[in-house]
$ cat input27.cif   # mmCIF, C-alpha atoms and all ligand atoms
data_final
loop_
_atom_site.label_atom_id
_atom_site.label_comp_id
_atom_site.auth_asym_id
_atom_site.auth_seq_id
_atom_site.Cartn_x
_atom_site.Cartn_y
_atom_site.Cartn_z
CA MET A 260 0.00 0.00 0.00
CA GLN A 261 2.74 2.43 0.82
CA ALA A 262 5.54 0.86 -1.13
CA ILE A 263 7.98 3.04 -2.98
CA SER A 264 8.57 1.44 -6.33
CA ASN A 265 11.66 2.20 -8.34
CA GLN A 266 11.06 2.98 -11.97
CA LYS A 267 14.12 4.74 -13.22
CA ILE A 268 13.18 7.38 -15.77
CA THR A 269 16.25 9.47 -16.35
CA SER A 270 18.79 11.26 -14.27
CA LEU A 271 19.63 14.94 -14.74
CA SER A 272 22.03 15.04 -11.84
CA PRO A 273 25.64 16.01 -12.39
CA SER A 274 28.45 14.13 -10.67
CA LEU A 275 28.34 13.80 -6.91
CA SER A 276 31.70 15.48 -6.43
CA LEU A 277 30.55 18.55 -8.32
CA LYS A 278 27.36 18.66 -6.28
CA LYS A 279 29.29 18.41 -3.05
CA CYS A 280 31.67 21.15 -4.04
CA LEU A 281 28.87 23.48 -5.04
CA LEU A 282 26.63 22.71 -2.12
CA GLY A 283 29.01 24.01 0.50
CA LEU A 284 29.21 27.36 -1.24
CA ALA A 285 25.55 27.54 -2.06
CA MET A 286 24.38 26.86 1.46
CA THR A 287 26.52 29.53 3.04
CA LEU A 288 25.42 32.14 0.57
CA THR A 289 21.78 31.20 0.68
CA TYR A 290 21.50 31.13 4.39
CA ALA A 291 23.39 34.35 4.86
CA SER A 292 21.55 36.12 2.11
CA ILE A 293 18.01 35.34 3.15
CA TRP A 294 17.26 34.36 6.67
CA ALA A 295 20.10 36.02 8.52
CA GLN A 296 19.35 39.27 6.74
CA ALA A 297 15.68 38.79 7.47
CA THR A 298 16.13 38.56 11.17
CA ASN A 299 18.80 41.24 11.44
CA ALA A 300 16.12 43.76 10.63
CA SER A 301 14.83 46.09 13.33
CA SER A 302 11.66 45.40 15.27
CA ALA A 303 9.63 48.05 13.43
CA ALA A 304 6.29 46.94 11.98
CA PRO A 305 6.34 45.17 8.62
CA PRO A 306 5.43 47.35 5.65
CA GLN A 307 1.82 48.14 4.79
CA ASP A 308 2.24 47.37 1.11
CA LEU A 309 2.88 43.70 1.94
CA SER A 310 -0.22 43.29 4.05
CA GLY A 311 -2.63 40.77 2.57
CA CYS A 312 0.26 38.99 0.84
CA PRO A 313 0.03 40.66 -2.62
CA SER A 314 1.91 38.47 -5.08
CA GLU A 315 3.15 41.13 -7.47
CA VAL A 316 4.48 43.44 -4.76
CA ILE A 317 6.33 40.56 -3.11
CA LEU A 318 7.73 39.36 -6.42
CA ALA A 319 8.97 42.88 -7.26
CA LYS A 320 10.72 43.15 -3.89
CA PHE A 321 12.40 39.79 -4.34
CA LYS A 322 13.56 40.74 -7.82
CA GLU A 323 15.17 43.83 -6.31
CA PHE A 324 16.80 41.64 -3.67
CA GLY A 325 17.98 39.26 -6.39
CA LYS A 326 19.71 42.10 -8.24
CA THR A 327 21.49 43.64 -5.26
CA GLY A 328 21.93 40.64 -2.93
CA LYS A 329 20.90 42.99 -0.11
CA MET A 330 17.63 42.36 1.67
CA PRO A 331 15.41 45.47 1.73
CA PRO A 332 14.80 46.00 5.51
CA ASP A 333 11.03 46.05 5.13
CA LEU A 334 11.09 42.69 3.36
CA GLY A 335 13.31 41.33 6.10
CA ARG A 336 10.88 42.35 8.84
CA TRP A 337 7.98 40.87 6.92
CA LEU A 338 9.74 37.51 6.43
CA GLY A 339 10.16 36.92 10.15
CA ASP A 340 6.81 38.22 11.42
CA PRO A 341 4.25 35.48 12.20
CA LYS A 342 1.35 37.94 12.19
CA ALA A 343 2.26 39.44 8.82
CA GLN A 344 2.86 35.95 7.40
CA TYR A 345 -0.43 34.44 8.52
CA ILE A 346 -2.67 32.87 5.87
CA GLU A 347 -5.95 31.31 6.92
CA PRO A 348 -5.70 27.64 5.86
CA TYR A 349 -8.07 26.77 3.04
CA LYS A 350 -9.35 23.91 0.90
CA ALA A 351 -7.80 24.14 -2.56
CA PHE A 352 -9.27 20.91 -3.94
CA ASP A 353 -11.53 18.23 -2.44
CA ASN A 354 -8.42 16.40 -1.23
CA VAL A 355 -5.94 19.31 -0.88
CA TYR A 356 -5.53 22.06 1.72
CA TYR A 357 -3.13 24.98 1.95
CA VAL A 358 -1.58 25.15 5.42
CA GLY A 359 1.48 27.34 4.75
CA VAL A 360 2.27 31.00 5.34
CA CYS A 361 2.55 33.91 2.93
CA TRP A 362 6.23 33.40 2.07
CA VAL A 363 6.39 29.63 1.79
CA SER A 364 3.84 26.89 1.16
CA ALA A 365 2.89 23.72 2.96
CA TRP A 366 0.23 21.45 1.45
CA ILE A 367 -1.92 18.72 2.96
CA VAL A 368 -3.08 15.99 0.58
CA LYS A 369 -5.72 13.61 1.95
CA THR A 370 -5.72 10.08 0.59
CA SER A 371 -7.80 7.00 1.34
CA ALA A 372 -4.87 5.63 3.37
CA GLY A 373 -3.76 8.68 5.30
CA ILE A 374 -2.28 12.12 4.92
CA VAL A 375 0.65 13.49 2.95
CA LEU A 376 2.25 16.79 3.97
CA ILE A 377 4.42 18.65 1.45
CA ASP A 378 7.15 20.77 3.11
CA THR A 379 7.38 21.79 6.76
CA LEU A 380 7.91 25.60 6.95
CA HIS A 381 10.40 26.83 9.55
CA GLU A 382 10.56 28.67 12.84
CA PRO A 383 8.85 30.80 14.02
CA PHE A 384 5.97 29.41 11.96
CA VAL A 385 5.89 25.72 12.88
CA ASP A 386 3.31 26.00 15.67
CA GLN A 387 1.15 27.92 13.20
CA LEU A 388 1.58 25.07 10.70
CA ILE A 389 0.55 22.49 13.29
CA ASP A 390 -2.51 24.59 14.21
CA ASN A 391 -3.41 24.96 10.52
CA ILE A 392 -3.19 21.21 9.98
CA LYS A 393 -5.57 20.64 12.88
CA LYS A 394 -7.88 23.39 11.59
CA VAL A 395 -8.37 21.52 8.31
CA GLY A 396 -9.43 18.44 10.22
CA VAL A 397 -6.21 16.45 10.15
CA GLU A 398 -4.73 14.67 13.14
CA MET A 399 -0.94 14.87 13.17
CA ALA A 400 -0.82 11.14 13.89
CA ASP A 401 -2.56 10.45 10.55
CA ILE A 402 0.27 11.93 8.49
CA LYS A 403 1.96 9.04 6.67
CA TYR A 404 4.48 10.89 4.51
CA VAL A 405 6.17 14.27 4.72
CA LEU A 406 7.50 15.01 1.23
CA MET A 407 10.17 17.69 1.35
CA THR A 408 11.38 19.57 -1.70
CA HIS A 409 14.94 20.66 -0.87
CA GLY A 410 17.29 21.32 2.00
CA HIS A 411 16.74 25.02 2.55
CA PHE A 412 15.55 26.10 5.99
CA ASP A 413 12.17 27.43 4.87
CA HIS A 414 11.07 24.03 3.48
CA VAL A 415 12.57 21.59 5.98
CA GLY A 416 13.25 23.66 9.11
CA GLY A 417 9.97 22.58 10.73
CA ALA A 418 10.63 18.84 10.35
CA TYR A 419 12.26 18.55 13.79
CA LYS A 420 9.06 19.66 15.53
CA ILE A 421 6.63 17.67 13.38
CA LYS A 422 8.53 14.40 13.55
CA PRO A 423 7.78 13.54 17.20
CA LEU A 424 4.04 14.13 16.53
CA THR A 425 3.75 11.53 13.77
CA SER A 426 5.09 8.18 12.64
CA ALA A 427 5.38 9.55 9.10
CA LYS A 428 8.23 8.87 6.74
CA PHE A 429 10.16 12.09 6.06
CA VAL A 430 11.22 12.05 2.43
CA MET A 431 13.88 13.87 0.41
CA THR A 432 16.66 13.09 -2.06
CA GLN A 433 20.06 12.11 -0.72
CA GLU A 434 21.42 15.49 -1.87
CA GLY A 435 18.46 17.26 -0.30
CA TRP A 436 19.26 15.71 3.09
CA ASP A 437 22.92 16.67 2.65
CA GLU A 438 21.90 20.25 1.84
CA ALA A 439 19.72 20.43 4.92
CA PHE A 440 22.48 19.31 7.26
CA GLU A 441 25.00 21.65 5.65
CA ASP A 442 22.56 24.58 5.73
CA SER A 443 21.67 23.84 9.33
CA ALA A 444 25.35 23.66 10.32
CA ALA A 445 26.15 26.90 8.48
CA SER A 446 23.29 28.63 10.27
CA GLN A 447 24.87 28.05 13.66
CA LYS A 448 27.26 30.95 12.98
CA THR A 449 24.46 33.35 12.05
CA PRO A 450 22.17 35.44 14.28
CA ARG A 451 19.35 33.01 13.55
CA PRO A 452 20.50 29.38 13.84
CA TRP A 453 18.11 26.53 13.02
CA LYS A 454 16.97 24.82 16.21
CA MET A 455 17.96 21.50 14.66
CA MET A 456 17.47 19.45 11.55
CA ALA A 457 15.35 16.30 11.86
CA ASN A 458 17.34 13.07 11.59
CA ARG A 459 17.92 11.65 8.12
CA ASP A 460 14.98 9.45 7.19
CA THR A 461 13.67 8.22 3.83
CA THR A 462 15.61 8.89 0.64
CA VAL A 463 13.95 8.94 -2.78
CA LYS A 464 15.32 9.21 -6.27
CA ASP A 465 14.15 10.09 -9.72
CA GLY A 466 11.42 7.80 -11.01
CA ASP A 467 10.23 6.57 -7.63
CA VAL A 468 6.49 6.46 -7.13
CA ILE A 469 5.06 6.72 -3.64
CA ALA A 470 1.71 4.97 -3.77
CA ILE A 471 -0.60 5.73 -0.88
CA GLY A 472 -4.28 4.75 -0.93
CA ASP A 473 -6.00 6.33 -3.94
CA ASN A 474 -3.11 8.63 -4.88
CA GLN A 475 0.37 8.25 -6.35
CA PHE A 476 3.19 10.70 -5.82
CA GLY A 477 5.71 10.73 -8.65
CA VAL A 478 9.27 11.71 -7.73
CA PHE A 479 11.19 13.92 -10.18
CA GLU A 480 14.70 15.06 -9.41
CA THR A 481 14.83 18.62 -10.74
CA PRO A 482 18.27 20.01 -9.90
CA GLY A 483 18.74 23.74 -10.38
CA HIS A 484 17.49 25.81 -7.48
CA THR A 485 19.72 23.44 -5.50
CA TYR A 486 21.22 20.18 -6.71
CA GLY A 487 19.07 18.17 -4.32
CA THR A 488 15.76 19.74 -5.37
CA VAL A 489 12.97 17.26 -5.99
CA SER A 490 9.52 17.88 -7.47
CA TYR A 491 6.39 15.78 -6.94
CA SER A 492 3.38 14.97 -9.11
CA PHE A 493 0.08 13.77 -7.67
CA TYR A 494 -3.66 13.91 -8.31
CA VAL A 495 -6.18 16.47 -7.10
CA ASN A 496 -9.95 16.04 -7.10
CA ASP A 497 -12.58 18.60 -7.99
CA GLY A 498 -15.99 16.94 -7.79
CA ALA A 499 -16.05 14.30 -10.50
CA ASN A 500 -12.90 15.71 -12.13
CA LYS A 501 -9.41 14.53 -11.40
CA HIS A 502 -6.36 16.63 -12.37
CA ARG A 503 -2.65 15.94 -12.32
CA ALA A 504 -0.86 18.47 -10.12
CA PHE A 505 2.81 19.24 -9.71
CA THR A 506 4.89 20.92 -7.05
CA ILE A 507 8.14 22.28 -8.49
CA GLY A 508 10.63 21.76 -5.68
CA GLY A 509 12.57 25.00 -6.11
CA LEU A 510 12.03 28.11 -8.18
CA GLY A 511 14.61 30.80 -7.45
CA LEU A 512 18.08 31.41 -8.86
CA ASN A 513 19.24 32.70 -5.46
CA ALA A 514 21.55 29.76 -4.70
CA ILE A 515 23.23 29.60 -8.10
CA GLN A 516 26.99 29.20 -8.05
CA ASP A 517 28.02 28.71 -11.66
CA SER A 518 26.93 28.05 -15.21
CA ARG A 519 26.67 24.28 -14.79
CA GLN A 520 24.05 24.72 -12.10
CA VAL A 521 22.07 27.07 -14.35
CA GLU A 522 22.29 24.51 -17.15
CA ALA A 523 20.87 21.88 -14.80
CA TYR A 524 18.08 24.33 -13.89
CA ILE A 525 17.20 24.88 -17.56
CA SER A 526 17.21 21.11 -18.26
CA SER A 527 14.84 20.58 -15.34
CA ILE A 528 12.47 23.28 -16.59
CA ASN A 529 12.51 21.72 -20.07
CA ARG A 530 11.70 18.34 -18.61
CA ILE A 531 8.82 19.70 -16.50
CA GLU A 532 7.49 21.45 -19.58
CA GLN A 533 7.38 18.14 -21.44
CA LEU A 534 5.38 16.62 -18.57
CA ALA A 535 3.03 19.60 -18.63
CA ILE A 536 2.18 19.36 -22.31
CA GLN A 537 2.32 15.61 -22.92
CA ALA A 538 -0.84 14.13 -24.42
CA LYS A 539 -1.27 11.44 -21.77
CA ASP A 540 -1.73 12.65 -18.20
CA PRO A 541 -0.57 16.27 -18.67
CA ILE A 542 -0.02 18.55 -15.68
CA THR A 543 -2.69 21.20 -15.38
CA VAL A 544 -2.25 22.38 -11.78
CA HIS A 545 0.84 23.89 -10.17
CA LEU A 546 0.70 23.76 -6.39
CA THR A 547 3.65 26.03 -5.79
CA THR A 548 6.23 26.10 -3.01
CA HIS A 549 5.98 29.93 -2.83
CA PRO A 550 2.47 31.42 -3.21
CA PHE A 551 3.55 34.73 -4.76
CA SER A 552 5.27 32.88 -7.63
CA THR A 553 1.95 31.90 -9.19
CA GLY A 554 -0.41 34.54 -7.83
CA LEU A 555 -1.89 31.83 -5.62
CA THR A 556 -2.99 34.27 -2.91
CA GLU A 557 -5.23 36.08 -5.39
CA ALA A 558 -6.36 32.95 -7.27
CA LYS A 559 -7.53 31.25 -4.09
CA GLU A 560 -9.89 34.16 -3.39
CA LEU A 561 -11.78 33.12 -6.52
CA LEU A 562 -12.58 29.80 -4.83
CA LYS A 563 -14.89 31.65 -2.43
CA THR A 564 -17.18 32.97 -5.16
CA ARG A 565 -16.87 30.12 -7.62
CA GLN A 566 -20.20 28.98 -9.07
CA PRO A 567 -21.04 25.28 -9.58
CA ASN A 568 -19.87 23.78 -12.89
CA THR A 569 -17.38 26.54 -13.58
CA LYS A 570 -13.65 26.21 -14.10
CA HIS A 571 -11.53 25.62 -11.01
CA PRO A 572 -9.32 28.73 -10.60
CA LEU A 573 -6.22 26.66 -9.79
CA VAL A 574 -6.55 24.44 -12.87
CA ASP A 575 -4.49 26.53 -15.24
CA PRO A 576 -2.38 24.63 -17.79
CA ASN A 577 -1.55 27.79 -19.76
CA GLY A 578 -0.53 29.63 -16.61
CA PHE A 579 1.79 26.75 -15.75
CA THR A 580 3.54 26.69 -19.12
CA ALA A 581 3.77 30.51 -19.09
CA GLN A 582 5.47 30.33 -15.70
CA LEU A 583 7.91 27.72 -17.01
CA THR A 584 8.69 29.96 -19.99
CA GLU A 585 9.43 32.86 -17.64
CA LEU A 586 11.57 30.76 -15.31
CA ARG A 587 13.59 29.53 -18.28
CA ALA A 588 14.02 33.05 -19.69
CA ASP A 589 15.38 34.27 -16.33
CA ALA A 590 17.71 31.27 -16.21
CA VAL A 591 18.98 31.88 -19.77
CA THR A 592 19.81 35.47 -18.77
CA ARG A 593 21.59 34.20 -15.67
CA LEU A 594 23.47 31.59 -17.69
CA ALA A 595 25.03 34.35 -19.81
CA VAL A 596 26.07 36.22 -16.65
CA GLU A 597 27.69 33.12 -15.15
CA GLN A 598 29.45 32.21 -18.41
CA LYS A 599 30.84 35.74 -18.70
CA LYS A 600 32.15 35.56 -15.11
CA GLU A 601 33.84 32.23 -15.84
CA LYS A 602 35.59 33.57 -18.95
CA LYS A 603 37.40 36.25 -16.92
ZN ZN B 1 15.31 27.20 -1.48
#

$ encode --input "input27.cif" --output "structure tokens"
Amino acid sequence: MQAISNQKITSLSPSLSLKKCLLGLAMTLTYASIWAQATNASSAAPPQDLSGCPSEVILAKFKEFGKTGKMPPDLGRWLGDPKAQYIEPYKAFDNVYYVGVCWVSAWIVKTSAGIVLIDTLHEPFVDQLIDNIKKVGVEMADIKYVLMTHGHFDHVGGAYKIKPLTSAKFVMTQEGWDEAFEDSAASQKTPRPWKMMANRDTTVKDGDVIAIGDNQFGVFETPGHTYGTVSYSFYVNDGANKHRAFTIGGLGLNAIQDSRQVEAYISSINRIEQLAIQAKDPITVHLTTHPFSTGLTEAKELLKTRQPNTKHPLVDPNGFTAQLTELRADAVTRLAVEQKKEKK
């Protein structure tokens, strides 16, 4: 019932030694550049223009951060403020609930054989996550799998607190686990260390399928955002309709170290695009790891006023391929920058 079968599809991963060498650098930079800067900010109130979690405003601020590498102070305050980050949990599909915060997602998927949680948030939001899970009618003890996308603090930092509350398998790629331990160790020298990283648990690889009850979670290694990044496909239900959904494990170019990593990113995007447009079982829903990246905060409002027999606002195949096109365009621009640096 809960077996992980191994159907090798294809591997996009570069050599392990390269990964290792890049990971050390990437973790230090990523941790220092996001969370430490976030919590160094003063205790002034978070900015008004971010209240309500407006996707475009957040995206614009992160683009600015991406260009300069310096966290705007208002964005920093907002990132660490539980009140400003709060999102009321909601039902996205008949079997799917959003239980994350404004900055980073966590998803509950109900199956006929128990619960799957995707990503675990981080402190100081983990109690909020646990409350949200209970609010959508899920007992922590019923969680069977925690599927984690990559080893950055905001996706796996909450695992240590969730683990004692469940007997779930905590799942990531080998490289993802390595990233998490390296990121956690690097954080100890910053003003905001991780409390701890949960112990290494279940490791998956490309082509695995996690079958649980009436759902199947496909495992796709999609290196790029980090080398250990993994994406998951699964099915979401809307009345009589069933759709194939996808969670891209990592979106940003904030942990890029060189051109080879950008090339891996572009290959992953190309592969996801093929899955999205294939004739059999295409992907029509993107359940994102960061709500502002797809305008999820605004789209979910449409659920409240949706009339029977109308299109589900989160079923958006064109929106998904448009996002992939944009992600690839940004990566192609970055590739040129990295290649130029390497020629010097
Ligand atoms: Zn990340």

$ closest_atom_pairs --input "input27.cif" --of "chain A" --to "ligand ZN 1 (chain B)" --cutoff "8 Å" --atoms "only C-alpha atoms and all ligand atoms" --output "tab-separated table"
residue	atom	partner	partner_atom	distance
A:Thr289	CA	B:ZN1	ZN	7.9
A:His409	CA	B:ZN1	ZN	6.6
A:Gly410	CA	B:ZN1	ZN	7.1
A:His411	CA	B:ZN1	ZN	4.8
A:Phe412	CA	B:ZN1	ZN	7.6
A:Asp413	CA	B:ZN1	ZN	7.1
A:His414	CA	B:ZN1	ZN	7.3
A:His484	CA	B:ZN1	ZN	6.5
A:Thr485	CA	B:ZN1	ZN	7.1
A:Gly509	CA	B:ZN1	ZN	5.8
A:Leu510	CA	B:ZN1	ZN	7.5
A:Gly511	CA	B:ZN1	ZN	7.0
A:Asn513	CA	B:ZN1	ZN	7.8
A:Ala514	CA	B:ZN1	ZN	7.5

$ atom_distance --input "input27.cif" --atom1 "CA of Ile367 in chain A" --atom2 "CA of Leu512 in chain A"
26.5 Å

$ closest_residue --input "input27.cif" --among "A:Ala499, A:Ala444, A:Val358, A:Val596" --to "Lys393 in chain A" --atoms "all atoms listed in the file"
A:Val358

$ atom_distance --input "input27.cif" --atom1 "CA of Val544 in chain A" --atom2 "CA of Asp353 in chain A"
13.8 Å

$ closest_residue --input "input27.cif" --among "A:Ile389, A:Val395, A:Val316, A:Leu555" --to "Ser364 in chain A" --atoms "only C-alpha atoms"
A:Leu555

$ residues_near_point --input "input27.cif" --point "(4.1, 14.0, -2.7)" --cutoff "7 Å" --atoms "only C-alpha atoms" --output "PyMOL selection string"
chain A and resi 375+377+406+476-477+491-493

$ atom_distance --input "input27.cif" --atom1 "CA of Phe551 in chain A" --atom2 "CA of Arg587 in chain A"
17.6 Å

$ closest_residue --input "input27.cif" --among "A:Asp467, A:Asp497, A:Glu480, A:Asp390" --to "Glu434 in chain A" --atoms "only C-alpha atoms"
A:Glu480

$ residues_around --input "input27.cif" --residues "range 415-431 of chain A" --least-positions-apart "4" --cutoff "9 Å" --atoms "all atoms listed in the file" --output "PDB file with C-alpha atoms, in the frame of the given file"
ATOM      1  CA  VAL A 375       0.650  13.490   2.950  1.00  0.00           C
ATOM      2  CA  ASP A 378       7.150  20.770   3.110  1.00  0.00           C
ATOM      3  CA  THR A 379       7.380  21.790   6.760  1.00  0.00           C
ATOM      4  CA  LEU A 380       7.910  25.600   6.950  1.00  0.00           C
ATOM      5  CA  HIS A 381      10.400  26.830   9.550  1.00  0.00           C
ATOM      6  CA  GLU A 382      10.560  28.670  12.840  1.00  0.00           C
ATOM      7  CA  PRO A 383       8.850  30.800  14.020  1.00  0.00           C
ATOM      8  CA  PHE A 384       5.970  29.410  11.960  1.00  0.00           C
ATOM      9  CA  VAL A 385       5.890  25.720  12.880  1.00  0.00           C
ATOM     10  CA  ASP A 386       3.310  26.000  15.670  1.00  0.00           C
ATOM     11  CA  LEU A 388       1.580  25.070  10.700  1.00  0.00           C
ATOM     12  CA  ILE A 389       0.550  22.490  13.290  1.00  0.00           C
ATOM     13  CA  MET A 399      -0.940  14.870  13.170  1.00  0.00           C
ATOM     14  CA  ALA A 400      -0.820  11.140  13.890  1.00  0.00           C
ATOM     15  CA  ASP A 401      -2.560  10.450  10.550  1.00  0.00           C
ATOM     16  CA  ILE A 402       0.270  11.930   8.490  1.00  0.00           C
ATOM     17  CA  LYS A 403       1.960   9.040   6.670  1.00  0.00           C
ATOM     18  CA  TYR A 404       4.480  10.890   4.510  1.00  0.00           C
ATOM     19  CA  VAL A 405       6.170  14.270   4.720  1.00  0.00           C
ATOM     20  CA  LEU A 406       7.500  15.010   1.230  1.00  0.00           C
ATOM     21  CA  MET A 407      10.170  17.690   1.350  1.00  0.00           C
ATOM     22  CA  THR A 408      11.380  19.570  -1.700  1.00  0.00           C
ATOM     23  CA  HIS A 409      14.940  20.660  -0.870  1.00  0.00           C
ATOM     24  CA  GLY A 410      17.290  21.320   2.000  1.00  0.00           C
ATOM     25  CA  HIS A 411      16.740  25.020   2.550  1.00  0.00           C
ATOM     26  CA  GLY A 435      18.460  17.260  -0.300  1.00  0.00           C
ATOM     27  CA  TRP A 436      19.260  15.710   3.090  1.00  0.00           C
ATOM     28  CA  ALA A 439      19.720  20.430   4.920  1.00  0.00           C
ATOM     29  CA  SER A 443      21.670  23.840   9.330  1.00  0.00           C
ATOM     30  CA  TRP A 453      18.110  26.530  13.020  1.00  0.00           C
ATOM     31  CA  LYS A 454      16.970  24.820  16.210  1.00  0.00           C
ATOM     32  CA  MET A 455      17.960  21.500  14.660  1.00  0.00           C
ATOM     33  CA  MET A 456      17.470  19.450  11.550  1.00  0.00           C
ATOM     34  CA  ALA A 457      15.350  16.300  11.860  1.00  0.00           C
ATOM     35  CA  ASN A 458      17.340  13.070  11.590  1.00  0.00           C
ATOM     36  CA  ARG A 459      17.920  11.650   8.120  1.00  0.00           C
ATOM     37  CA  ASP A 460      14.980   9.450   7.190  1.00  0.00           C
ATOM     38  CA  THR A 461      13.670   8.220   3.830  1.00  0.00           C
ATOM     39  CA  THR A 462      15.610   8.890   0.640  1.00  0.00           C
ATOM     40  CA  VAL A 463      13.950   8.940  -2.780  1.00  0.00           C
ATOM     41  CA  LYS A 464      15.320   9.210  -6.270  1.00  0.00           C
ATOM     42  CA  GLY A 487      19.070  18.170  -4.320  1.00  0.00           C
ATOM     43  CA  THR A 488      15.760  19.740  -5.370  1.00  0.00           C
ATOM     44  CA  VAL A 489      12.970  17.260  -5.990  1.00  0.00           C
TER      45      VAL A 489
END

$ residues_around --input "input27.cif" --residues "Gln307 in chain A" --least-positions-apart "5" --cutoff "12 Å" --atoms "only C-alpha atoms" --output "PyMOL selection string"
chain A and resi 312-313+316-317+333-334+336-337+343
